[in-house]
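**Student:** Structure supplied as start-v2.pdb; contents: PDB, C-alpha atoms and all ligand atoms.
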```
ATOM      1  CA  MET R   1     170.320  48.440  39.798
ATOM      2  CA  VAL R   2     171.333  49.936  43.110
ATOM      3  CA  PHE R   3     173.463  46.860  43.662
ATOM      4  CA  LEU R   4     175.209  47.349  40.292
ATOM      5  CA  LYS R   5     175.912  50.979  41.115
ATOM      6  CA  TRP R   6     177.539  49.949  44.368
ATOM      7  CA  LEU R   7     179.518  47.273  42.600
ATOM      8  CA  ALA R   8     180.784  49.813  40.047
ATOM      9  CA  LEU R   9     181.753  52.210  42.827
ATOM     10  CA  ILE R  10     183.614  49.507  44.736
ATOM     11  CA  LEU R  11     185.488  48.418  41.598
ATOM     12  CA  MET R  12     186.441  51.992  40.818
ATOM     13  CA  ALA R  13     187.707  52.495  44.371
ATOM     14  CA  LEU R  14     189.806  49.330  44.083
ATOM     15  CA  VAL R  15     191.363  50.414  40.785
ATOM     16  CA  LEU R  16     192.076  53.940  42.037
ATOM     17  CA  GLY R  17     193.440  52.504  45.269
ATOM     18  CA  SER R  18     195.852  50.198  43.418
ATOM     19  CA  VAL R  19     197.006  52.996  41.126
ATOM     20  CA  GLY R  20     197.524  55.149  44.204
ATOM     21  CA  VAL R  21     199.565  52.468  45.990
ATOM     22  CA  TYR R  22     201.608  51.923  42.806
ATOM     23  CA  LEU R  23     202.355  55.640  42.453
ATOM     24  CA  MET R  24     203.282  55.914  46.121
ATOM     25  CA  GLN R  25     205.950  53.187  45.945
ATOM     26  CA  PRO R  26     209.305  54.787  46.700
ATOM     27  CA  SER R  27     211.901  55.474  44.032
ATOM     28  CA  MET R  28     215.543  54.655  44.804
ATOM     29  CA  ASP R  29     216.019  58.351  45.644
ATOM     30  CA  GLU R  30     213.554  57.977  48.496
ATOM     31  CA  VAL R  31     214.625  54.835  50.368
ATOM     32  CA  GLY R  32     217.480  56.434  52.309
ATOM     33  CA  ILE R  33     220.571  54.934  50.638
ATOM     34  CA  ASP R  34     223.215  57.549  49.781
ATOM     35  CA  TYR R  35     224.708  57.823  46.312
ATOM     36  CA  GLU R  36     228.481  57.452  46.069
ATOM     37  CA  ASN R  37     230.302  60.620  44.997
ATOM     38  CA  PRO R  38     231.398  60.514  41.374
ATOM     39  CA  TYR R  39     235.100  60.317  40.567
ATOM     40  CA  GLN R  40     236.139  63.346  38.568
ATOM     41  CA  GLY R  41     239.906  63.030  38.344
ATOM     42  CA  SER R  42     242.022  61.423  35.679
ATOM     43  CA  TYR R  43     243.773  58.072  35.650
ATOM     44  CA  GLU R  44     247.208  59.630  35.732
ATOM     45  CA  LYS R  45     249.497  58.689  38.582
ATOM     46  CA  LYS R  46     250.423  61.512  40.903
ATOM     47  CA  SER R  47     254.122  61.481  41.678
ATOM     48  CA  GLY R  48     254.670  59.294  44.707
ATOM     49  CA  ASP R  49     251.447  57.324  44.181
ATOM     50  CA  ARG R  50     251.934  53.601  44.169
ATOM     51  CA  ALA R  51     249.319  52.961  41.571
ATOM     52  CA  SER R  52     246.869  54.518  39.177
ATOM     53  CA  VAL R  53     243.242  55.016  40.138
ATOM     54  CA  VAL R  54     240.690  52.248  39.603
ATOM     55  CA  THR R  55     237.230  53.383  38.559
ATOM     56  CA  VAL R  56     234.007  51.420  38.332
ATOM     57  CA  LYS R  57     230.918  52.262  36.277
ATOM     58  CA  TRP R  58     227.602  50.472  36.748
ATOM     59  CA  PHE R  59     225.247  49.836  33.824
ATOM     60  CA  GLY R  60     222.289  48.323  35.640
ATOM     61  CA  VAL R  61     221.685  44.725  36.826
ATOM     62  CA  SER R  62     225.236  43.560  37.692
ATOM     63  CA  THR R  63     227.153  44.914  34.717
ATOM     64  CA  LEU R  64     230.285  46.771  35.834
ATOM     65  CA  LEU R  65     233.134  48.324  33.861
ATOM     66  CA  ILE R  66     236.347  48.337  35.895
ATOM     67  CA  ASP R  67     239.167  50.495  34.553
ATOM     68  CA  ASP R  68     242.612  51.572  35.734
ATOM     69  CA  GLY R  69     243.379  53.656  32.664
ATOM     70  CA  GLU R  70     245.349  50.815  31.078
ATOM     71  CA  THR R  71     243.176  47.741  31.365
ATOM     72  CA  GLN R  72     239.400  47.380  31.457
ATOM     73  CA  LEU R  73     237.395  44.459  32.819
ATOM     74  CA  LEU R  74     233.697  43.910  32.300
ATOM     75  CA  ILE R  75     231.444  42.022  34.673
ATOM     76  CA  ASP R  76     228.514  40.519  32.669
ATOM     77  CA  GLY R  77     228.391  43.099  29.855
ATOM     78  CA  TYR R  78     224.573  42.993  29.698
ATOM     79  CA  PHE R  79     223.194  45.947  27.704
ATOM     80  CA  SER R  80     220.201  44.584  25.748
ATOM     81  CA  ARG R  81     216.894  44.886  27.498
ATOM     82  CA  PRO R  82     214.372  42.231  26.472
ATOM     83  CA  GLY R  83     210.956  43.155  27.890
ATOM     84  CA  LEU R  84     208.909  41.613  30.661
ATOM     85  CA  LEU R  85     206.484  40.192  28.091
ATOM     86  CA  ASP R  86     209.332  38.589  26.124
ATOM     87  CA  VAL R  87     210.195  36.651  29.243
ATOM     88  CA  ALA R  88     206.654  36.048  30.495
ATOM     89  CA  LEU R  89     205.532  34.732  27.097
ATOM     90  CA  LYS R  90     208.842  32.993  26.332
ATOM     91  CA  ARG R  91     209.288  34.907  23.101
ATOM     92  CA  PRO R  92     212.680  34.508  21.383
ATOM     93  CA  ILE R  93     215.245  37.055  22.562
ATOM     94  CA  SER R  94     218.694  37.976  21.246
ATOM     95  CA  PRO R  95     221.435  40.549  21.867
ATOM     96  CA  GLU R  96     220.641  44.044  20.518
ATOM     97  CA  LEU R  97     223.770  44.637  18.443
ATOM     98  CA  ASP R  98     223.068  48.363  17.870
ATOM     99  CA  THR R  99     222.720  48.941  21.594
ATOM    100  CA  ILE R 100     225.932  47.059  22.335
ATOM    101  CA  ALA R 101     227.858  48.998  19.657
ATOM    102  CA  ARG R 102     226.531  52.307  20.988
ATOM    103  CA  VAL R 103     227.428  51.612  24.627
ATOM    104  CA  VAL R 104     230.856  50.179  23.792
ATOM    105  CA  ASP R 105     231.614  53.307  21.772
ATOM    106  CA  ARG R 106     230.105  55.896  24.117
ATOM    107  CA  PHE R 107     231.852  54.542  27.204
ATOM    108  CA  GLY R 108     235.187  53.971  25.444
ATOM    109  CA  MET R 109     235.328  50.217  26.025
ATOM    110  CA  ASP R 110     238.354  49.798  23.769
ATOM    111  CA  ARG R 111     240.770  48.149  26.235
ATOM    112  CA  VAL R 112     238.555  45.382  27.617
ATOM    113  CA  ALA R 113     240.713  42.392  28.516
ATOM    114  CA  ALA R 114     237.937  40.113  29.779
ATOM    115  CA  VAL R 115     234.145  39.811  29.974
ATOM    116  CA  MET R 116     233.209  37.807  33.053
ATOM    117  CA  PRO R 117     229.565  36.864  33.711
ATOM    118  CA  VAL R 118     228.659  36.105  37.334
ATOM    119  CA  HIS R 119     226.420  33.300  36.010
ATOM    120  CA  SER R 120     224.791  32.430  32.702
ATOM    121  CA  HIS R 121     221.204  33.713  33.011
ATOM    122  CA  PHE R 122     220.130  36.058  30.196
ATOM    123  CA  ASP R 123     220.179  39.127  32.460
ATOM    124  CA  HIS R 124     223.907  38.587  32.941
ATOM    125  CA  ALA R 125     225.285  36.643  29.973
ATOM    126  CA  LEU R 126     222.904  37.315  27.056
ATOM    127  CA  ASP R 127     225.288  39.769  25.387
ATOM    128  CA  SER R 128     228.576  38.389  26.713
ATOM    129  CA  GLY R 129     229.647  36.650  23.475
ATOM    130  CA  GLU R 130     228.747  39.652  21.308
ATOM    131  CA  VAL R 131     230.465  42.085  23.687
ATOM    132  CA  ALA R 132     233.605  39.939  23.528
ATOM    133  CA  LYS R 133     233.377  40.075  19.720
ATOM    134  CA  PHE R 134     232.941  43.874  19.704
ATOM    135  CA  THR R 135     235.815  44.505  22.101
ATOM    136  CA  GLY R 136     238.189  41.648  21.290
ATOM    137  CA  ALA R 137     238.074  40.591  24.951
ATOM    138  CA  LEU R 138     238.367  37.119  26.409
ATOM    139  CA  LEU R 139     235.021  35.675  27.517
ATOM    140  CA  LEU R 140     235.845  34.062  30.836
ATOM    141  CA  GLY R 141     233.232  32.004  32.665
ATOM    142  CA  SER R 142     231.744  28.575  33.256
ATOM    143  CA  GLN R 143     231.229  25.849  30.634
ATOM    144  CA  SER R 144     227.715  27.258  30.200
ATOM    145  CA  THR R 145     229.099  30.728  29.501
ATOM    146  CA  ALA R 146     231.580  29.208  27.035
ATOM    147  CA  ASN R 147     228.626  27.682  25.166
ATOM    148  CA  ILE R 148     226.942  31.102  25.013
ATOM    149  CA  GLY R 149     230.144  32.389  23.395
ATOM    150  CA  ARG R 150     230.123  29.520  20.903
ATOM    151  CA  SER R 151     226.447  30.205  20.137
ATOM    152  CA  ALA R 152     227.473  33.781  19.261
ATOM    153  CA  LYS R 153     230.222  32.358  16.992
ATOM    154  CA  LEU R 154     232.932  33.814  19.187
ATOM    155  CA  PRO R 155     236.316  32.322  18.189
ATOM    156  CA  GLU R 156     237.550  29.568  20.517
ATOM    157  CA  SER R 157     240.718  31.629  21.130
ATOM    158  CA  GLN R 158     238.524  34.229  22.908
ATOM    159  CA  ILE R 159     236.832  31.703  25.210
ATOM    160  CA  GLY R 160     238.250  30.776  28.613
ATOM    161  CA  ILE R 161     236.744  28.359  31.141
ATOM    162  CA  VAL R 162     237.202  29.349  34.754
ATOM    163  CA  ASP R 163     239.519  27.385  36.981
ATOM    164  CA  VAL R 164     238.680  28.420  40.562
ATOM    165  CA  ASP R 165     242.202  27.548  41.691
ATOM    166  CA  LYS R 166     243.768  29.973  39.271
ATOM    167  CA  ILE R 167     244.653  33.669  39.507
ATOM    168  CA  TYR R 168     244.087  35.460  36.202
ATOM    169  CA  ASN R 169     246.353  38.406  35.426
ATOM    170  CA  PHE R 170     245.072  41.243  33.259
ATOM    171  CA  GLY R 171     247.474  44.191  33.309
ATOM    172  CA  GLN R 172     247.758  45.200  36.970
ATOM    173  CA  PHE R 173     244.538  43.339  37.869
ATOM    174  CA  LYS R 174     244.494  39.904  39.463
ATOM    175  CA  VAL R 175     241.157  38.108  39.158
ATOM    176  CA  THR R 176     240.031  35.114  41.197
ATOM    177  CA  PHE R 177     236.735  33.234  40.923
ATOM    178  CA  TYR R 178     235.066  31.659  43.944
ATOM    179  CA  ALA R 179     232.144  29.251  43.842
ATOM    180  CA  SER R 180     228.854  30.929  44.725
ATOM    181  CA  GLU R 181     225.176  30.088  44.394
ATOM    182  CA  HIS R 182     222.137  31.796  42.968
ATOM    183  CA  ALA R 183     219.692  33.234  45.492
ATOM    184  CA  PRO R 184     216.839  30.736  46.058
ATOM    185  CA  LEU R 185     214.215  32.714  44.122
ATOM    186  CA  GLY R 186     211.067  31.458  42.421
ATOM    187  CA  SER R 187     212.152  33.195  39.207
ATOM    188  CA  ASN R 188     215.087  30.770  39.054
ATOM    189  CA  SER R 189     212.887  27.730  38.427
ATOM    190  CA  GLY R 190     213.222  26.300  34.920
ATOM    191  CA  ILE R 191     216.562  28.065  34.433
ATOM    192  CA  ASP R 192     218.670  26.491  37.176
ATOM    193  CA  GLY R 193     220.490  23.973  34.965
ATOM    194  CA  VAL R 194     223.521  24.158  32.684
ATOM    195  CA  ILE R 195     224.017  24.931  28.992
ATOM    196  CA  SER R 196     225.584  21.723  27.721
ATOM    197  CA  GLU R 197     226.032  22.722  24.081
ATOM    198  CA  PRO R 198     225.852  25.761  21.771
ATOM    199  CA  PHE R 199     222.315  26.766  20.755
ATOM    200  CA  GLU R 200     220.590  28.795  18.067
ATOM    201  CA  ILE R 201     220.048  32.518  18.882
ATOM    202  CA  PRO R 202     217.364  33.992  19.048
ATOM    203  CA  ALA R 203     216.008  31.638  21.675
ATOM    204  CA  ASP R 204     213.584  32.022  24.546
ATOM    205  CA  TYR R 205     215.125  33.101  27.843
ATOM    206  CA  THR R 206     215.262  29.541  29.223
ATOM    207  CA  ALA R 207     218.122  28.799  26.790
ATOM    208  CA  TRP R 208     220.343  30.856  29.148
ATOM    209  CA  GLN R 209     220.540  28.374  32.013
ATOM    210  CA  LEU R 210     222.292  29.289  35.264
ATOM    211  CA  GLY R 211     225.550  27.315  34.883
ATOM    212  CA  GLN R 212     228.011  27.965  37.728
ATOM    213  CA  ALA R 213     227.595  31.129  39.814
ATOM    214  CA  TYR R 214     230.800  32.903  40.876
ATOM    215  CA  SER R 215     231.869  35.551  43.327
ATOM    216  CA  ILE R 216     234.553  37.461  41.454
ATOM    217  CA  VAL R 217     237.441  39.071  43.345
ATOM    218  CA  ILE R 218     239.459  41.728  41.557
ATOM    219  CA  GLU R 219     242.716  42.838  43.144
ATOM    220  CA  HIS R 220     244.690  45.868  42.074
ATOM    221  CA  PRO R 221     247.478  47.806  43.788
ATOM    222  CA  SER R 222     244.839  50.532  44.374
ATOM    223  CA  GLY R 223     242.296  48.299  46.073
ATOM    224  CA  VAL R 224     240.453  44.989  46.193
ATOM    225  CA  MET R 225     236.837  44.474  45.215
ATOM    226  CA  LEU R 226     234.395  41.603  45.485
ATOM    227  CA  VAL R 227     231.541  41.309  42.997
ATOM    228  CA  GLU R 228     228.606  39.139  44.051
ATOM    229  CA  GLY R 229     225.882  39.453  41.434
ATOM    230  CA  SER R 230     223.826  36.362  42.268
ATOM    231  CA  ALA R 231     222.803  37.199  45.863
ATOM    232  CA  GLY R 232     223.911  33.721  46.907
ATOM    233  CA  PHE R 233     226.778  32.183  48.846
ATOM    234  CA  VAL R 234     228.694  29.042  49.634
ATOM    235  CA  ALA R 235     229.408  29.166  53.372
ATOM    236  CA  GLY R 236     233.116  29.648  54.023
ATOM    237  CA  ALA R 237     234.019  29.790  50.316
ATOM    238  CA  LEU R 238     235.819  33.126  50.582
ATOM    239  CA  GLY R 239     238.089  31.939  53.411
ATOM    240  CA  ASP R 240     239.707  34.873  55.184
ATOM    241  CA  LEU R 241     239.588  37.190  52.174
ATOM    242  CA  ALA R 242     239.532  40.911  53.029
ATOM    243  CA  VAL R 243     238.391  43.534  50.522
ATOM    244  CA  ASP R 244     237.914  47.310  50.218
ATOM    245  CA  ALA R 245     234.602  47.310  48.363
ATOM    246  CA  VAL R 246     231.780  44.836  47.816
ATOM    247  CA  PHE R 247     229.385  45.101  44.884
ATOM    248  CA  LEU R 248     226.454  43.355  46.458
ATOM    249  CA  GLY R 249     223.644  41.779  44.451
ATOM    250  CA  VAL R 250     220.379  42.382  46.246
ATOM    251  CA  GLY R 251     217.941  41.106  43.583
ATOM    252  CA  GLY R 252     215.037  39.488  45.437
ATOM    253  CA  LEU R 253     216.845  39.745  48.783
ATOM    254  CA  ARG R 254     214.075  41.733  50.462
ATOM    255  CA  ASP R 255     211.642  38.852  49.955
ATOM    256  CA  LEU R 256     213.955  36.137  51.286
ATOM    257  CA  PRO R 257     213.849  34.996  54.937
ATOM    258  CA  ARG R 258     215.653  37.095  57.531
ATOM    259  CA  ASP R 259     218.019  34.203  58.314
ATOM    260  CA  TYR R 260     219.060  34.020  54.681
ATOM    261  CA  GLN R 261     219.674  37.773  54.503
ATOM    262  CA  GLN R 262     221.820  37.649  57.619
ATOM    263  CA  GLU R 263     223.875  34.667  56.485
ATOM    264  CA  TYR R 264     224.382  36.197  53.041
ATOM    265  CA  ILE R 265     225.604  39.489  54.488
ATOM    266  CA  TYR R 266     227.784  37.644  56.983
ATOM    267  CA  GLU R 267     229.532  35.641  54.222
ATOM    268  CA  LYS R 268     229.950  38.464  51.707
ATOM    269  CA  VAL R 269     230.323  41.590  53.840
ATOM    270  CA  VAL R 270     230.936  41.004  57.545
ATOM    271  CA  LYS R 271     233.752  38.490  56.921
ATOM    272  CA  THR R 272     235.403  40.502  54.125
ATOM    273  CA  ASN R 273     235.282  43.778  56.102
ATOM    274  CA  PRO R 274     234.994  46.360  53.276
ATOM    275  CA  ASN R 275     234.761  50.135  53.694
ATOM    276  CA  ASN R 276     231.944  50.423  51.187
ATOM    277  CA  VAL R 277     229.136  48.194  49.979
ATOM    278  CA  TYR R 278     227.536  49.128  46.673
ATOM    279  CA  ILE R 279     224.142  47.644  45.906
ATOM    280  CA  ILE R 280     223.577  46.192  42.420
ATOM    281  CA  HIS R 281     220.746  44.232  40.696
ATOM    282  CA  HIS R 282     218.048  46.192  42.576
ATOM    283  CA  ASP R 283     217.007  48.065  39.420
ATOM    284  CA  ASP R 284     214.066  47.125  37.182
ATOM    285  CA  MET R 285     215.858  44.950  34.619
ATOM    286  CA  PHE R 286     212.940  45.265  32.202
ATOM    287  CA  ASP R 287     213.199  49.051  32.002
ATOM    288  CA  THR R 288     215.129  50.812  29.226
ATOM    289  CA  LEU R 289     218.937  50.719  29.331
ATOM    290  CA  GLY R 290     220.069  53.805  31.248
ATOM    291  CA  LYS R 291     217.201  53.710  33.755
ATOM    292  CA  VAL R 292     218.188  52.134  37.034
ATOM    293  CA  ASP R 293     215.285  52.876  39.332
ATOM    294  CA  GLN R 294     213.630  49.945  41.046
ATOM    295  CA  SER R 295     210.476  48.271  39.778
ATOM    296  CA  LYS R 296     207.340  49.587  41.444
ATOM    297  CA  LEU R 297     205.639  46.236  40.943
ATOM    298  CA  VAL R 298     208.303  44.224  42.770
ATOM    299  CA  LEU R 299     210.148  46.454  45.215
ATOM    300  CA  SER R 300     213.813  45.789  45.987
ATOM    301  CA  PHE R 301     213.793  48.420  48.736
ATOM    302  CA  ASP R 302     211.464  50.289  50.990
ATOM    303  CA  SER R 303     212.957  52.490  53.693
ATOM    304  CA  THR R 304     212.594  49.713  56.293
ATOM    305  CA  PHE R 305     214.618  47.179  54.312
ATOM    306  CA  ALA R 306     217.179  49.842  53.371
ATOM    307  CA  PHE R 307     217.624  50.591  57.095
ATOM    308  CA  GLU R 308     217.895  46.900  57.989
ATOM    309  CA  LEU R 309     220.522  46.314  55.311
ATOM    310  CA  GLN R 310     222.475  49.365  56.486
ATOM    311  CA  GLN R 311     222.568  47.851  59.985
ATOM    312  CA  LEU R 312     223.619  44.423  58.709
ATOM    313  CA  VAL R 313     226.635  45.740  56.755
ATOM    314  CA  LEU R 314     227.983  47.944  59.574
ATOM    315  CA  PRO R 315     230.625  49.247  60.017
ATOM    316  CA  ALA R 316     230.721  49.455  56.187
ATOM    317  CA  ASN R 317     228.748  52.162  54.393
ATOM    318  CA  LEU R 318     225.866  51.059  52.169
ATOM    319  CA  LYS R 319     225.772  53.130  48.981
ATOM    320  CA  GLN R 320     224.121  53.197  45.599
ATOM    321  CA  LEU R 321     225.417  54.131  42.159
ATOM    322  CA  ARG R 322     224.159  56.113  39.201
ATOM    323  CA  TYR R 323     224.101  54.653  35.707
ATOM    324  CA  GLY R 324     227.442  54.877  33.871
ATOM    325  CA  GLU R 325     228.965  57.286  36.406
ATOM    326  CA  ALA R 326     232.548  56.560  37.490
ATOM    327  CA  ILE R 327     233.363  56.021  41.144
ATOM    328  CA  SER R 328     236.851  55.240  42.408
ATOM    329  CA  ILE R 329     238.010  52.331  44.525
ATOM    330  CA  SER R 330     240.678  52.858  47.146
ATOM    331  CA  ARG R 331     242.103  51.136  50.179
TER     332      ARG R 331
HETATM  333 ZN    ZN P 401     220.113  38.175  37.662
END
```
Take the structure I supplied and represent it as structure tokens, if you would.
**Tutor:**
Amino acid sequence: MVFLKWLALILMALVLGSVGVYLMQPSMDEVGIDYENPYQGSYEKKSGDRASVVTVKWFGVSTLLIDDGETQLLIDGYFSRPGLLDVALKRPISPELDTIARVVDRFGMDRVAAVMPVHSHFDHALDSGEVAKFTGALLLGSQSTANIGRSAKLPESQIGIVDVDKIYNFGQFKVTFYASEHAPLGSNSGIDGVISEPFEIPADYTAWQLGQAYSIVIEHPSGVMLVEGSAGFVAGALGDLAVDAVFLGVGGLRDLPRDYQQEYIYEKVVKTNPNNVYIIHHDDMFDTLGKVDQSKLVLSFDSTFAFELQQLVLPANLKQLRYGEAISISR
């Protein structure tokens, strides 16, 4: 009996200890990465200005709304939030149409020219076809992304397949796609193929296969930005491109080897020489839409990794964003 008492005590200590460790994991407010200041002006040109302001709003994972007051562009357009169990148990998932309608309305997405997923996994492209339907935008991505659009019964006239040699003009924006890769993460296994034909939705998350991953470069008279949502790279792919801001996917980066982290930052940040680097895809993608703190089960950042990343991106500033809050991009 004494033995059982000890066993019970030890078990209790272990449980309390784990709960304690869980509660002590840092929130994104505590890791030492500054928030960018919100943009509070209007889109109107001041006399003498060459161009209108470009703002960017982040909606968690790597969904970004880019807007110059005339034209809007959406990266990914992922607003539904299937749960961890849906993925773990391979339950069928589908876009949450109410959620999409609400976000599109609340954030005034009524001038979206294109929806452009960085790759075709569900946490990027699940909603892309429906968002294109809601907004009338062109869905522009890989063959796999095109098949997601077809699965959502998006008209063929609203589907474009990326040509990496082409510059796409949307209003004053010029968009170029560069070949990238997905970070070599365990979570990628079983979903690293292509979507070769339209499929029935709902489907389990493995229906949304990777397809081609892209780095997306968006040029505007006000500034140039690079969006890398897959935390991967093709060495040399960006050539001698220079940008003002990088939206840097850091999903799983903390757990990858130091060499990989350094090479990734070299390709996407050091060579492109931005002023600011904004982290994306560090939030808990299974939390409710609107919450963008990191998962306490799988940390994206502790203060050590935040410090290391800050050193790697120097002389650029490493910053984080708040959900749905506009920041401005400038040269
Ligand atoms: Zn992802």
**Student:** For atom CA of R:Ile75 and atom CA of R:Leu312, quote the distance in Å rounded to one decimal.
**Tutor:**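 Calculated distance between atom CA of R:Ile75 and atom CA of R:Leu312 is 25.4 Å.
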**Student:** At a cut-off of 10 Å around ligand ZN 401 (chain P), and using only C-alpha atoms and all ligand atoms, what residues come up? Please write them as a list in words.
**Tutor:**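 These are the residues that qualify: Val61, Ser62, Val118, His119, Ser120, His121, Phe122, Asp123, His124, Ala125, His182, Ala183, Ser187, Asn188, Leu210, Gly229, Ser230, Ala231, Gly249, Val250, Gly251, Gly252, Ile280, His281, His282 and Met285 of chain R.
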**Student:** Just want the 6 Å neighbourhood of R:Phe247, counted on only C-alpha atoms, with same-chain residues fewer than 2 positions away dropped. Output as a list in words.
**Tutor:** Val227, Val277, Tyr278 and Ile279 of chain R
**Student:** Measure the distance from atom CA of R:Ile161 to atom CA of R:Thr135 in Å and round it to one decimal.
**Tutor:**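 Calculated distance between atom CA of R:Ile161 and atom CA of R:Thr135 is 18.5 Å.
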**Student:** Could you jot down the atom CA of R:Gly324 to atom CA of R:Lys268 separation for me, Å, one decimal place?
**Tutor:** 24.4 Å
**Student:** Starting from the shown file, work through the PyMOL selection byres (((chain R and resi 29) around 12) and not hetatm) and note down what comes out as a VMD selection string.
**Tutor:** chain R and resid 25 to 28 30 to 35 292 to 294 301 to 303 306 319 to 322
**Student:** Within 10 Å of (236.1, 29.4, 49.0), all atoms listed in the file: residues as a PyMOL selection string?
**Tutor:** chain R and resi 164-165+177-180+215+233-241
**Student:** Kindly save the residues from that selection, with C-alpha atoms included, as a compact mmCIF listing (two decimals), in the coordinates of the input.
**Tutor:**
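Output saved as selection30.txt:
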```
# COMPACT_ATOMS: atom_id res chain seq x y z
CA VAL R 164 238.68 28.42 40.56
CA ASP R 165 242.20 27.55 41.69
CA PHE R 177 236.74 33.23 40.92
CA TYR R 178 235.07 31.66 43.94
CA ALA R 179 232.14 29.25 43.84
CA SER R 180 228.85 30.93 44.72
CA SER R 215 231.87 35.55 43.33
CA PHE R 233 226.78 32.18 48.85
CA VAL R 234 228.69 29.04 49.63
CA ALA R 235 229.41 29.17 53.37
CA GLY R 236 233.12 29.65 54.02
CA ALA R 237 234.02 29.79 50.32
CA LEU R 238 235.82 33.13 50.58
CA GLY R 239 238.09 31.94 53.41
CA ASP R 240 239.71 34.87 55.18
CA LEU R 241 239.59 37.19 52.17
```
**Student:** So what does the PyMOL selection byres (((chain R and resi 325) around 10) and not hetatm) actually pick up in this one, as a VMD selection string?
**Tutor:** chain R and resid 36 to 40 55 to 59 321 to 324 326 to 327
**Student:** Apply the PyMOL selection byres (((chain R and resi 260) around 12) and not hetatm) to the file shown and report the selected residues as a PyMOL selection string.
**Tutor:** chain R and resi 183-185+231-235+250+252-259+261-267
**Student:** Smallest atom-to-atom distance to R:Ala114: which of R:Ser295, R:Gln72, R:Thr145, R:Thr206, using all atoms listed in the file?
**Tutor:** R:Gln72
**Student:** Between R:Ile93, R:Asn169, R:Ile191, R:Ser196, single out the one closest to R:Gln143, counting all atoms listed in the file.
**Tutor:**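 Closest residue, counting all atoms listed in the file: R:Ser196.
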**Student:** Taking the point (236.6, 45.4, 38.1) as given in the file, collect each protein or nucleic acid residue that comes within 8 Å of it, counting only C-alpha atoms, and present the set as a count of residues only.
**Tutor:** 11
**Student:** Measuring atom to atom with all atoms listed in the file, identify which of R:Lys174, R:Arg331, R:Lys296, R:Arg150 is nearest to R:Pro274.
**Tutor:**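 Counting all atoms listed in the file, the residue closest to R:Pro274 is R:Arg331.
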**Student:** Which residue, R:Gly77, R:Pro221, R:Gly108, R:Gly17, has the smallest gap to R:Ala132 when you use only C-alpha atoms?
**Tutor:**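 Counting only C-alpha atoms, the residue closest to R:Ala132 is R:Gly77.
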**Student:** Show me that you can extract stretch 63-90 of chain R, keeping C-alpha atoms, and write it as a PDB file, in the first residue's frame.
**Tutor:**
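Dumped to part03.pdb:
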```
ATOM      1  CA  THR R  63      -2.960  34.622 -45.397  1.00  0.00           C
ATOM      2  CA  LEU R  64      -2.282  38.254 -46.323  1.00  0.00           C
ATOM      3  CA  LEU R  65      -4.526  40.941 -47.794  1.00  0.00           C
ATOM      4  CA  ILE R  66      -2.498  43.453 -49.804  1.00  0.00           C
ATOM      5  CA  ASP R  67      -4.282  46.668 -50.749  1.00  0.00           C
ATOM      6  CA  ASP R  68      -3.341  49.957 -52.399  1.00  0.00           C
ATOM      7  CA  GLY R  69      -6.819  51.445 -52.179  1.00  0.00           C
ATOM      8  CA  GLU R  70      -7.609  50.437 -55.760  1.00  0.00           C
ATOM      9  CA  THR R  71      -6.606  46.811 -56.078  1.00  0.00           C
ATOM     10  CA  GLN R  72      -6.498  44.038 -53.490  1.00  0.00           C
ATOM     11  CA  LEU R  73      -4.490  40.821 -53.638  1.00  0.00           C
ATOM     12  CA  LEU R  74      -4.925  37.859 -51.340  1.00  0.00           C
ATOM     13  CA  ILE R  75      -2.200  35.397 -50.456  1.00  0.00           C
ATOM     14  CA  ASP R  76      -3.821  32.003 -49.612  1.00  0.00           C
ATOM     15  CA  GLY R  77      -7.191  33.298 -48.365  1.00  0.00           C
ATOM     16  CA  TYR R  78      -7.390  30.639 -45.626  1.00  0.00           C
ATOM     17  CA  PHE R  79     -10.083  31.505 -43.058  1.00  0.00           C
ATOM     18  CA  SER R  80     -11.693  28.178 -42.067  1.00  0.00           C
ATOM     19  CA  ARG R  81     -10.138  26.486 -39.100  1.00  0.00           C
ATOM     20  CA  PRO R  82     -10.517  22.701 -39.125  1.00  0.00           C
ATOM     21  CA  GLY R  83      -9.439  21.327 -35.736  1.00  0.00           C
ATOM     22  CA  LEU R  84      -6.411  19.322 -34.710  1.00  0.00           C
ATOM     23  CA  LEU R  85      -8.591  16.228 -34.290  1.00  0.00           C
ATOM     24  CA  ASP R  86     -10.041  16.636 -37.794  1.00  0.00           C
ATOM     25  CA  VAL R  87      -6.522  16.353 -39.122  1.00  0.00           C
ATOM     26  CA  ALA R  88      -5.226  13.763 -36.655  1.00  0.00           C
ATOM     27  CA  LEU R  89      -8.209  11.473 -37.284  1.00  0.00           C
ATOM     28  CA  LYS R  90      -8.453  12.301 -41.002  1.00  0.00           C
TER      29      LYS R  90
END
```
